[in-house]
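For reference, the structure is listed below as structure tokens.
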Amino acid sequence: MSSERAIVSVRRLHVRFGAKVAVNDLSFEVFRGETFGFLGSNGSGKTSTIRALLGICQPSEGAALVNGRVFTPADGSRLGYLPEERGLYKNEPVLEVMVYFGRLKGLSRVGARRRASEFLERVGLGAQAATRIGKLSGGQQQKIQLGVTIINNPELLILDEPTKGFDPVNRGLLMEIIAEQKRQGSTIVMVTHQMEEVEELCSRAIMLKEGRTATYGTIAEIKQRYQKNRDIDVRFGGFLPPSDLYSAAASGLNRATITMAPNSTAPQVLAELMAAGVAINSFTPLTISLNEVFLQVYGVPTDAPGAR
Amino acid sequence: MAHDLGLVVRFEFRRTVRKKAFWLSALAAPVFIALVLTIAIIGNKTAIDRSSSQTTASFSTVYLDDSGAVNPALLTAFGAKPVATATDGIAQVRTGKIDAFFHYPKNLAAEGIAVYGKDTGLFDNNKYSAVADTLLQQSVGLHIADKSLLTLVQGKYAPSKTVTYDHGTVAEGWNAVYLPLGFLIIFMLSVMLIGGVLVNSTTEEKENRVTEMIRVSLRSKTLVVGKIIAILAAGLLQIAALVLPVVIALVWFAPALGIPLELGALSITVPAAVFGVVVLIGGVMLITGVLVGIGAVLPTAREATQWLGVVIIVVMIPLYTFSMILSDPTAPLVQVFLYFPLTAPTTALMMNGLGYLSVTQGIVVSTELLVAGVVAIGVAIRLFERGSVEYSRALTLKDLVRNRRMVRAGR
């Protein structure tokens, strides 16, 4: 049974292309209103999972549900999907294409035109409304694709590598728009290789490896799972006494990195230091970054030939 | 679905008719035909004028009349002088002493007039034989007292009218051929004009990477059917833009070109009209399905266009059996072409136009094409579902057989 909070439920999903296994017994949920990171190296099965979820290909086994049922294009008015392989009709004018997609997503002609115009103004492309899409730069086309994706204020927004091809300025604008969608109540699934984006936006995530779950949970849980070394950054006055609870290495004037012994805990270390009369100015346990977690999971390039 | 279908049809129609190439291909043919007609009419008039002037042309001539049929007074009036031998006459022409030498042999019926002349160009050289013939005809005419008989002998009478009966009623002849053959012309134009648009429009979804964005809002069936309807409608507009000026030009210029075209006399039988319409619809559906399927399977328009050429050739091949249909419509090759789906529309529409398609054959081919058309479009939709997210490689038969489960009916 999927949780009532879940807007996306994937249960024991398998996607095979003949003998090739793209997704292998995958299960996870995305909760309503959260921003969920869908992570994995190239060929780990992310796109196949998304395609199976959206009915673009059929699962070989298991279930992939949106709002508790198999997604059909009739539900498209509540979805925004920005695929990794994306493009628009290059010979058609910007506004016309946006209105077309808006109308396919259930908006009225007037509503679609208004939403499209607002978006174009917002991203600085208001003057290009009548320009053919093919005449825009790559970054401008990406903005139009994003505009088409969110034109219907979707309940569920699936973004596959949304910042790919964006310069830092436009990436900032994009992240702002995504955050705005979240504030308006959208659930966001982000497929990305940019771990800093995940740390910035996502509350939970899943990492796929060769079609299977490598790790899944809140960002804190995932980090905790891969936190191998247990280091603490300490700023202090006085001298650090030797102890069985830790070993210390100076990292600057009145600053050191303490590595805890296997059986010790941070409170025990802090108590020991204070008991020794060390003046503690700061005591910060060092946490692993998501990027480091990614490297640990996918240390070896995994362009698995069978996965897509 | 009807709402989405309407949206797709309007969008696809607009973007098809907005392309410059669409109007160029539609209007280039009428402009070219108008140009050819104008040149033909001017050329025709010039030829008639020059031809009539050649019979009265004047040049220095010698003659030898072994037949005794040519009136010497006429020859003298023309300025022709007799020579003793043919060798002498030929030598005079060869040396440039005289312009022409006419030798009327003893047996005119068997040998014909030998005409020798100074070369004055391909067209002008005709004046020698024109004058030689006229002198002979006028000489013969002198022996016929009755002027009306003389006219008949010279072949100056109205063309004969043939009336034939089919089961007791007057057969329409060629007047019953033009309208049914119109279905064949419309079919050919449809394939040639919209074939490329259909293939490109399908591959464009992949090449532009639009497929995934659109398929989450739209069923594949709606998208494919909408495209087909829009492109067929645009094709009809293109055909109208192409055919109407040609028809108007033909009606306008037919008398000037000497074409016996009487619009009021054109006719079509009910079976010919019904079979023409049904075979046209079935044929267009079948070819449309095949072309969309090709566009769905192949990753780029360039690759798909090569296959479009193959399809067009297969569709056109039965045209080479035109004379065979006229002489022996039961020939095995004609029968093979009549029932093989891709060649059936052309063959059936030709036979229908020429009046050789029996009711039984018409029913069988019409049914076959309608069924094949529906199946072809259905398969094309399936192929699009499967092939539209294959961006860089062609879908193989193995893919289709192995992954049938990946394609869900109704999407």
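By convention here, the chains of the structure tokens are called A, B, ... in the order presented, each chain's residues are numbered starting at 1, and ligands are numbered starting at 1 in the order presented.
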- For Ile222 of chain A, list every protein, DNA or RNA residue within 12 Å, evaluated using only C-alpha atoms, and leave out those in the same chain fewer than 4 positions away; present the list as a list in words. Gly37, Glu199, Ser203, Arg204, Ala205, Ile206, Met207, Ala214, Thr215, Tyr216, Gly217, Thr218, Tyr226, Gln227, Lys228, Thr287, Ile288, Ser289, Leu290, Asn291, Glu292, Val293, Phe294, Gln296 and Val297 of chain A
- Message: Quick check: residues of chain A within 10 Å of chain B, only C-alpha atoms, returned as a count of residues only.
- Response: 50
- Query: segment 336-352 of chain B: which residues within 7 Å, counting only C-alpha atoms, same-chain residues fewer than 2 positions away excluded, as a PyMOL selection string?
  - Reply: chain B and resi 180-181+183-184+272+276+279-280+283+314-315+318+325+332-334+354-357+365+369
- Message: Can you pull out the residues contacting Leu208 of chain A? Cut-off 7 Å, using only C-alpha atoms, and skip same-chain residues under 3 positions away; I want them as a list in words.
- Response: Leu39, Gly40, Ser44, Gly45, Gly211, Arg212, Thr213 and Ala214 of chain A
Keeping N, CA and C atoms, export the residues of the selection given above as a short mmCIF file (atom, residue, chain, number, x, y, z; two decimals), in the first residue's frame.
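Output contents, as saved in selection-v8.cif:
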```cif
data_model
loop_
_atom_site.label_atom_id
_atom_site.label_comp_id
_atom_site.auth_asym_id
_atom_site.auth_seq_id
_atom_site.Cartn_x
_atom_site.Cartn_y
_atom_site.Cartn_z
N LEU A 39 18.35 10.52 -8.44
CA LEU A 39 19.76 10.62 -8.79
C LEU A 39 20.33 9.31 -9.31
N GLY A 40 21.37 9.45 -10.06
CA GLY A 40 22.04 8.25 -10.56
C GLY A 40 23.01 8.63 -11.65
N SER A 44 21.81 4.59 -15.31
CA SER A 44 21.41 3.88 -14.09
C SER A 44 19.93 3.54 -14.07
N GLY A 45 19.16 4.01 -15.06
CA GLY A 45 17.74 3.64 -15.14
C GLY A 45 16.79 4.77 -14.80
N GLY A 211 19.97 0.22 -12.19
CA GLY A 211 18.54 -0.06 -12.15
C GLY A 211 17.99 -0.37 -10.78
N ARG A 212 18.85 -0.40 -9.80
CA ARG A 212 18.39 -0.74 -8.44
C ARG A 212 18.58 0.46 -7.52
N THR A 213 17.96 0.39 -6.34
CA THR A 213 18.15 1.44 -5.35
C THR A 213 19.52 1.29 -4.70
N ALA A 214 20.33 2.34 -4.79
CA ALA A 214 21.62 2.33 -4.08
C ALA A 214 21.41 2.92 -2.69
#
```
- Compile the contact shell of segment 178-181 of chain A as a VMD selection string: residues with an atom at most 12 Å away, counting only C-alpha atoms, same-chain residues fewer than 6 positions apart removed. chain A and resid 33 to 35 80 146 to 147 149 to 159 162 to 163 171 to 172 187 to 190 197 200 to 202
Save the residues we just selected, N, CA, C and O atoms, as a compact mmCIF listing (two decimals), in the first residue's frame?
```
# COMPACT_ATOMS: atom_id res chain seq x y z
N GLY A 33 4.01 17.61 -2.15
CA GLY A 33 4.56 18.89 -1.71
C GLY A 33 6.05 18.92 -1.50
O GLY A 33 6.64 19.97 -1.26
N GLU A 34 6.73 17.76 -1.59
CA GLU A 34 8.18 17.76 -1.36
C GLU A 34 8.94 17.95 -2.68
O GLU A 34 8.38 17.84 -3.77
N THR A 35 10.22 18.24 -2.53
CA THR A 35 11.11 18.25 -3.70
C THR A 35 12.01 17.04 -3.55
O THR A 35 12.72 16.89 -2.55
N GLY A 80 3.69 18.49 -15.13
CA GLY A 80 4.68 19.21 -15.92
C GLY A 80 5.89 18.31 -16.07
O GLY A 80 6.42 17.83 -15.07
N LEU A 146 11.00 25.21 -20.34
CA LEU A 146 10.56 25.25 -18.94
C LEU A 146 9.18 25.92 -18.85
O LEU A 146 8.31 25.47 -18.11
N GLY A 147 9.01 26.99 -19.61
CA GLY A 147 7.72 27.68 -19.62
C GLY A 147 6.58 26.78 -20.05
O GLY A 147 5.50 26.78 -19.46
N THR A 149 6.57 23.63 -19.72
CA THR A 149 6.42 22.61 -18.68
C THR A 149 5.55 23.10 -17.52
O THR A 149 4.75 22.34 -16.97
N ILE A 150 5.70 24.36 -17.16
CA ILE A 150 4.97 24.83 -15.96
C ILE A 150 3.77 25.71 -16.32
O ILE A 150 3.14 26.29 -15.44
N ILE A 151 3.42 25.78 -17.59
CA ILE A 151 2.37 26.70 -18.02
C ILE A 151 1.02 26.40 -17.34
O ILE A 151 0.20 27.28 -17.14
N ASN A 152 0.85 25.13 -16.95
CA ASN A 152 -0.43 24.73 -16.35
C ASN A 152 -0.38 24.69 -14.83
O ASN A 152 -1.26 24.12 -14.20
N ASN A 153 0.65 25.31 -14.22
CA ASN A 153 0.81 25.25 -12.76
C ASN A 153 0.65 23.82 -12.26
O ASN A 153 -0.27 23.51 -11.49
N PRO A 154 1.53 22.93 -12.65
CA PRO A 154 1.28 21.50 -12.42
C PRO A 154 1.33 21.10 -10.95
O PRO A 154 2.06 21.71 -10.16
N GLU A 155 0.56 20.08 -10.64
CA GLU A 155 0.57 19.50 -9.30
C GLU A 155 1.86 18.71 -9.10
O GLU A 155 2.46 18.73 -8.03
N LEU A 156 2.30 18.03 -10.15
CA LEU A 156 3.54 17.25 -10.12
C LEU A 156 4.46 17.73 -11.24
O LEU A 156 4.04 17.77 -12.40
N LEU A 157 5.67 18.09 -10.84
CA LEU A 157 6.62 18.64 -11.81
C LEU A 157 7.83 17.70 -11.85
O LEU A 157 8.51 17.52 -10.85
N ILE A 158 8.07 17.10 -13.01
CA ILE A 158 9.21 16.20 -13.15
C ILE A 158 10.22 16.86 -14.08
O ILE A 158 9.93 17.12 -15.25
N LEU A 159 11.39 17.15 -13.54
CA LEU A 159 12.40 17.89 -14.30
C LEU A 159 13.64 17.01 -14.46
O LEU A 159 14.29 16.66 -13.48
N PRO A 162 17.21 19.74 -15.38
CA PRO A 162 16.62 21.02 -15.79
C PRO A 162 17.64 22.11 -16.07
O PRO A 162 17.39 23.00 -16.86
N THR A 163 18.81 22.02 -15.44
CA THR A 163 19.78 23.13 -15.61
C THR A 163 20.80 22.83 -16.69
O THR A 163 21.71 23.63 -16.91
N ARG A 171 20.74 29.75 -14.64
CA ARG A 171 20.53 28.66 -13.70
C ARG A 171 19.89 29.21 -12.43
O ARG A 171 18.96 28.62 -11.87
N GLY A 172 20.36 30.37 -11.98
CA GLY A 172 19.80 31.01 -10.79
C GLY A 172 18.32 31.34 -11.00
O GLY A 172 17.48 31.07 -10.13
N THR A 187 4.59 19.41 -6.30
CA THR A 187 5.56 18.40 -5.90
C THR A 187 6.59 18.34 -7.02
O THR A 187 6.22 18.32 -8.19
N ILE A 188 7.86 18.31 -6.63
CA ILE A 188 8.89 18.37 -7.68
C ILE A 188 9.80 17.16 -7.59
O ILE A 188 10.30 16.81 -6.52
N VAL A 189 9.96 16.51 -8.73
CA VAL A 189 10.94 15.42 -8.84
C VAL A 189 12.05 15.94 -9.75
O VAL A 189 11.79 16.29 -10.90
N MET A 190 13.26 16.01 -9.18
CA MET A 190 14.39 16.53 -9.96
C MET A 190 15.37 15.43 -10.28
O MET A 190 15.90 14.77 -9.38
N GLU A 197 22.53 21.20 -6.21
CA GLU A 197 21.11 21.54 -6.43
C GLU A 197 20.22 20.67 -5.53
O GLU A 197 19.23 21.14 -4.97
N GLU A 200 20.40 21.87 -2.07
CA GLU A 200 19.74 23.17 -1.92
C GLU A 200 18.22 23.02 -1.92
O GLU A 200 17.51 23.71 -1.18
N LEU A 201 17.71 22.12 -2.76
CA LEU A 201 16.26 22.09 -2.99
C LEU A 201 15.53 20.88 -2.42
O LEU A 201 14.35 20.97 -2.09
N CYS A 202 16.24 19.75 -2.31
CA CYS A 202 15.48 18.51 -2.05
C CYS A 202 15.44 18.16 -0.57
O CYS A 202 16.41 18.38 0.17
```
- Message: I want to know what sits within 12 Å of Thr162 of chain B, based on only C-alpha atoms, with residues of the same chain fewer than 4 positions away left out; could you give that as a PyMOL selection string?
- Response: chain B and resi 170-174
- Message: Taking the DSSP secondary structure from the backbone, can you list the residues of segment 54-85 of chain A that are strand (DSSP E or B), as a PyMOL selection string?
- Response: chain A and resi 61-66+69+79-82
Output file for the selection above: all heavy atoms, as a PDB file, in the first residue's frame:
```pdb
ATOM      1  N   GLU A  61       7.319  -5.405 -15.152  1.00  0.00           N
ATOM      2  CA  GLU A  61       6.686  -5.925 -13.930  1.00  0.00           C
ATOM      3  C   GLU A  61       6.524  -4.770 -12.967  1.00  0.00           C
ATOM      4  O   GLU A  61       7.199  -3.753 -13.076  1.00  0.00           O
ATOM      5  CB  GLU A  61       7.598  -6.963 -13.234  1.00  0.00           C
ATOM      6  CG  GLU A  61       7.546  -8.358 -13.779  1.00  0.00           C
ATOM      7  CD  GLU A  61       8.513  -9.265 -13.005  1.00  0.00           C
ATOM      8  OE1 GLU A  61       8.422  -9.306 -11.758  1.00  0.00           O
ATOM      9  OE2 GLU A  61       9.356  -9.889 -13.662  1.00  0.00           O
ATOM     10  N   GLY A  62       5.679  -4.974 -11.952  1.00  0.00           N
ATOM     11  CA  GLY A  62       5.535  -3.970 -10.915  1.00  0.00           C
ATOM     12  C   GLY A  62       4.618  -2.833 -11.329  1.00  0.00           C
ATOM     13  O   GLY A  62       3.941  -2.904 -12.367  1.00  0.00           O
ATOM     14  N   ALA A  63       4.609  -1.802 -10.497  1.00  0.00           N
ATOM     15  CA  ALA A  63       3.686  -0.699 -10.747  1.00  0.00           C
ATOM     16  C   ALA A  63       4.393   0.632 -10.584  1.00  0.00           C
ATOM     17  O   ALA A  63       5.264   0.789  -9.738  1.00  0.00           O
ATOM     18  CB  ALA A  63       2.508  -0.788  -9.773  1.00  0.00           C
ATOM     19  N   ALA A  64       3.981   1.567 -11.418  1.00  0.00           N
ATOM     20  CA  ALA A  64       4.452   2.945 -11.279  1.00  0.00           C
ATOM     21  C   ALA A  64       3.210   3.819 -11.358  1.00  0.00           C
ATOM     22  O   ALA A  64       2.557   3.883 -12.394  1.00  0.00           O
ATOM     23  CB  ALA A  64       5.436   3.276 -12.390  1.00  0.00           C
ATOM     24  N   LEU A  65       2.852   4.446 -10.243  1.00  0.00           N
ATOM     25  CA  LEU A  65       1.567   5.132 -10.155  1.00  0.00           C
ATOM     26  C   LEU A  65       1.736   6.612  -9.825  1.00  0.00           C
ATOM     27  O   LEU A  65       2.645   7.004  -9.100  1.00  0.00           O
ATOM     28  CB  LEU A  65       0.702   4.485  -9.064  1.00  0.00           C
ATOM     29  CG  LEU A  65       0.524   2.960  -9.140  1.00  0.00           C
ATOM     30  CD1 LEU A  65      -0.215   2.454  -7.902  1.00  0.00           C
ATOM     31  CD2 LEU A  65      -0.227   2.565 -10.400  1.00  0.00           C
ATOM     32  N   VAL A  66       0.850   7.399 -10.375  1.00  0.00           N
ATOM     33  CA  VAL A  66       0.770   8.821 -10.026  1.00  0.00           C
ATOM     34  C   VAL A  66      -0.627   9.038  -9.444  1.00  0.00           C
ATOM     35  O   VAL A  66      -1.625   8.676 -10.084  1.00  0.00           O
ATOM     36  CB  VAL A  66       0.971   9.722 -11.257  1.00  0.00           C
ATOM     37  CG1 VAL A  66       0.793  11.187 -10.885  1.00  0.00           C
ATOM     38  CG2 VAL A  66       2.345   9.501 -11.871  1.00  0.00           C
ATOM     39  N   ARG A  69      -2.819   5.847  -9.392  1.00  0.00           N
ATOM     40  CA  ARG A  69      -3.244   5.123 -10.591  1.00  0.00           C
ATOM     41  C   ARG A  69      -2.237   5.315 -11.729  1.00  0.00           C
ATOM     42  O   ARG A  69      -1.378   6.205 -11.664  1.00  0.00           O
ATOM     43  CB  ARG A  69      -4.638   5.569 -11.028  1.00  0.00           C
ATOM     44  CG  ARG A  69      -4.747   7.026 -11.365  1.00  0.00           C
ATOM     45  CD  ARG A  69      -6.155   7.310 -11.890  1.00  0.00           C
ATOM     46  NE  ARG A  69      -6.251   8.656 -12.398  1.00  0.00           N
ATOM     47  CZ  ARG A  69      -6.601   9.715 -11.668  1.00  0.00           C
ATOM     48  NH1 ARG A  69      -6.875   9.574 -10.369  1.00  0.00           N
ATOM     49  NH2 ARG A  69      -6.670  10.903 -12.215  1.00  0.00           N
ATOM     50  N   LEU A  79       0.240  17.647 -14.765  1.00  0.00           N
ATOM     51  CA  LEU A  79       1.654  17.260 -14.804  1.00  0.00           C
ATOM     52  C   LEU A  79       2.479  18.272 -15.594  1.00  0.00           C
ATOM     53  O   LEU A  79       2.018  18.821 -16.591  1.00  0.00           O
ATOM     54  CB  LEU A  79       1.785  15.890 -15.482  1.00  0.00           C
ATOM     55  CG  LEU A  79       3.224  15.424 -15.722  1.00  0.00           C
ATOM     56  CD1 LEU A  79       3.780  14.766 -14.463  1.00  0.00           C
ATOM     57  CD2 LEU A  79       3.303  14.469 -16.884  1.00  0.00           C
ATOM     58  N   GLY A  80       3.694  18.494 -15.129  1.00  0.00           N
ATOM     59  CA  GLY A  80       4.680  19.214 -15.923  1.00  0.00           C
ATOM     60  C   GLY A  80       5.889  18.313 -16.069  1.00  0.00           C
ATOM     61  O   GLY A  80       6.421  17.830 -15.067  1.00  0.00           O
ATOM     62  N   TYR A  81       6.280  18.029 -17.295  1.00  0.00           N
ATOM     63  CA  TYR A  81       7.397  17.109 -17.499  1.00  0.00           C
ATOM     64  C   TYR A  81       8.409  17.740 -18.448  1.00  0.00           C
ATOM     65  O   TYR A  81       8.078  18.083 -19.581  1.00  0.00           O
ATOM     66  CB  TYR A  81       6.876  15.784 -18.073  1.00  0.00           C
ATOM     67  CG  TYR A  81       7.956  14.795 -18.471  1.00  0.00           C
ATOM     68  CD1 TYR A  81       9.057  14.555 -17.661  1.00  0.00           C
ATOM     69  CD2 TYR A  81       7.843  14.073 -19.662  1.00  0.00           C
ATOM     70  CE1 TYR A  81      10.032  13.635 -18.033  1.00  0.00           C
ATOM     71  CE2 TYR A  81       8.813  13.151 -20.036  1.00  0.00           C
ATOM     72  CZ  TYR A  81       9.905  12.942 -19.217  1.00  0.00           C
ATOM     73  OH  TYR A  81      10.876  12.043 -19.583  1.00  0.00           O
ATOM     74  N   LEU A  82       9.612  17.903 -17.943  1.00  0.00           N
ATOM     75  CA  LEU A  82      10.698  18.421 -18.771  1.00  0.00           C
ATOM     76  C   LEU A  82      11.675  17.266 -18.974  1.00  0.00           C
ATOM     77  O   LEU A  82      12.469  16.957 -18.089  1.00  0.00           O
ATOM     78  CB  LEU A  82      11.399  19.586 -18.053  1.00  0.00           C
ATOM     79  CG  LEU A  82      12.485  20.302 -18.836  1.00  0.00           C
ATOM     80  CD1 LEU A  82      11.910  21.064 -20.015  1.00  0.00           C
ATOM     81  CD2 LEU A  82      13.251  21.259 -17.933  1.00  0.00           C
TER      82      LEU A  82
END
```
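Around Lys143 of chain A, within 9 Å and counting only C-alpha atoms, the residues found are Leu120, Val123, Leu125, Gly138, Gly139, Gln140, Leu146, Gly147, Val148, Asn170 and Leu174 of chain A, once anything fewer than 3 positions away on its own chain is removed.
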Limited to N, CA, C and O atoms, could you put the picked residues into a file as an mmCIF file, in the first residue's frame?
```cif
data_model
loop_
_atom_site.group_PDB
_atom_site.id
_atom_site.type_symbol
_atom_site.label_atom_id
_atom_site.label_comp_id
_atom_site.auth_asym_id
_atom_site.auth_seq_id
_atom_site.Cartn_x
_atom_site.Cartn_y
_atom_site.Cartn_z
ATOM 1 N N LEU A 120 7.000 34.695 -20.414
ATOM 2 C CA LEU A 120 7.997 35.286 -21.315
ATOM 3 C C LEU A 120 8.533 36.603 -20.751
ATOM 4 O O LEU A 120 9.735 36.880 -20.808
ATOM 5 N N VAL A 123 10.991 35.875 -17.865
ATOM 6 C CA VAL A 123 12.339 35.393 -18.197
ATOM 7 C C VAL A 123 13.019 36.281 -19.235
ATOM 8 O O VAL A 123 14.050 35.927 -19.809
ATOM 9 N N LEU A 125 11.937 37.317 -22.222
ATOM 10 C CA LEU A 125 11.779 36.968 -23.638
ATOM 11 C C LEU A 125 10.471 37.519 -24.216
ATOM 12 O O LEU A 125 9.994 37.037 -25.247
ATOM 13 N N GLY A 138 20.364 28.601 -27.477
ATOM 14 C CA GLY A 138 20.076 27.363 -26.747
ATOM 15 C C GLY A 138 19.485 27.640 -25.372
ATOM 16 O O GLY A 138 18.517 26.993 -24.958
ATOM 17 N N GLY A 139 20.052 28.609 -24.664
ATOM 18 C CA GLY A 139 19.569 28.942 -23.323
ATOM 19 C C GLY A 139 18.148 29.487 -23.364
ATOM 20 O O GLY A 139 17.315 29.152 -22.511
ATOM 21 N N GLN A 140 17.872 30.319 -24.377
ATOM 22 C CA GLN A 140 16.509 30.869 -24.507
ATOM 23 C C GLN A 140 15.509 29.755 -24.808
ATOM 24 O O GLN A 140 14.395 29.740 -24.282
ATOM 25 N N LEU A 146 11.000 25.207 -20.340
ATOM 26 C CA LEU A 146 10.564 25.253 -18.935
ATOM 27 C C LEU A 146 9.182 25.921 -18.850
ATOM 28 O O LEU A 146 8.307 25.468 -18.111
ATOM 29 N N GLY A 147 9.007 26.991 -19.615
ATOM 30 C CA GLY A 147 7.719 27.685 -19.618
ATOM 31 C C GLY A 147 6.585 26.779 -20.052
ATOM 32 O O GLY A 147 5.502 26.777 -19.456
ATOM 33 N N VAL A 148 6.836 25.990 -21.089
ATOM 34 C CA VAL A 148 5.828 25.031 -21.556
ATOM 35 C C VAL A 148 5.525 24.013 -20.455
ATOM 36 O O VAL A 148 4.381 23.617 -20.242
ATOM 37 N N ASN A 170 21.256 32.209 -15.707
ATOM 38 C CA ASN A 170 19.975 31.583 -16.026
ATOM 39 C C ASN A 170 19.673 30.404 -15.104
ATOM 40 O O ASN A 170 18.519 30.109 -14.834
ATOM 41 N N LEU A 174 16.308 29.887 -13.076
ATOM 42 C CA LEU A 174 15.575 28.624 -13.136
ATOM 43 C C LEU A 174 15.292 28.079 -11.745
ATOM 44 O O LEU A 174 14.157 27.668 -11.436
#
```
- Which is closest to Ile268 of chain B among B:Gly353, B:Ala304, B:Ile281, B:Thr288, if we use only C-alpha atoms? B:Gly353
Residues of segment 60-202 of chain A in alpha helix (DSSP H) according to DSSP, as a CSV table (one decimal) with C-alpha atoms, in the first residue's frame?
```csv
chain,number,residue,atom,x,y,z
A,94,VAL,CA,7.4,31.0,-29.4
A,95,LEU,CA,4.0,32.2,-28.2
A,96,GLU,CA,2.0,30.0,-30.6
A,97,VAL,CA,3.9,26.8,-29.4
A,98,MET,CA,3.4,27.8,-25.7
A,99,VAL,CA,-0.3,28.4,-26.3
A,100,TYR,CA,-0.6,25.1,-28.1
A,101,PHE,CA,0.9,23.2,-25.2
A,102,GLY,CA,-1.1,25.2,-22.7
A,103,ARG,CA,-4.3,24.3,-24.5
A,104,LEU,CA,-3.3,20.6,-24.7
A,109,ARG,CA,-6.9,30.0,-25.3
A,110,VAL,CA,-7.0,33.2,-23.3
A,111,GLY,CA,-5.6,31.5,-20.2
A,112,ALA,CA,-2.8,29.9,-22.1
A,113,ARG,CA,-1.9,33.1,-23.9
A,114,ARG,CA,-1.9,35.0,-20.6
A,115,ARG,CA,0.2,32.5,-18.8
A,116,ALA,CA,2.7,32.2,-21.7
A,117,SER,CA,3.0,36.0,-22.0
A,118,GLU,CA,3.6,36.3,-18.2
A,119,PHE,CA,6.3,33.7,-18.3
A,120,LEU,CA,8.0,35.3,-21.3
A,121,GLU,CA,8.1,38.7,-19.6
A,122,ARG,CA,9.4,37.0,-16.4
A,138,GLY,CA,20.1,27.4,-26.7
A,139,GLY,CA,19.6,28.9,-23.3
A,140,GLN,CA,16.5,30.9,-24.5
A,141,GLN,CA,15.0,27.7,-25.9
A,142,GLN,CA,15.6,26.0,-22.6
A,143,LYS,CA,13.6,28.8,-20.9
A,144,ILE,CA,10.7,28.3,-23.4
A,145,GLN,CA,10.8,24.5,-22.6
A,146,LEU,CA,10.6,25.3,-18.9
A,147,GLY,CA,7.7,27.7,-19.6
A,148,VAL,CA,5.8,25.0,-21.6
A,149,THR,CA,6.4,22.6,-18.7
A,150,ILE,CA,5.0,24.8,-16.0
A,168,PRO,CA,25.1,30.5,-14.0
A,169,VAL,CA,22.7,33.5,-14.3
A,170,ASN,CA,20.0,31.6,-16.0
A,171,ARG,CA,20.5,28.7,-13.7
A,172,GLY,CA,19.8,31.0,-10.8
A,173,LEU,CA,16.6,32.2,-12.5
A,174,LEU,CA,15.6,28.6,-13.1
A,175,MET,CA,16.1,27.6,-9.5
A,176,GLU,CA,14.1,30.6,-8.4
A,177,ILE,CA,11.2,29.5,-10.7
A,178,ILE,CA,11.4,26.0,-9.4
A,179,ALA,CA,11.3,27.2,-5.8
A,180,GLU,CA,8.3,29.4,-6.7
A,181,GLN,CA,6.5,26.3,-8.1
A,182,LYS,CA,7.2,24.6,-4.8
A,183,ARG,CA,5.8,27.5,-2.8
A,195,MET,CA,24.5,17.4,-6.1
A,196,GLU,CA,24.5,21.0,-4.8
A,197,GLU,CA,21.1,21.5,-6.4
A,198,VAL,CA,19.8,18.5,-4.6
A,199,GLU,CA,21.2,19.7,-1.3
A,200,GLU,CA,19.7,23.2,-1.9
A,201,LEU,CA,16.3,22.1,-3.0
```
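Interatomic distance, atom CA of Ile317 of chain B to atom CA of Leu242 of chain B: 23.2 Å.
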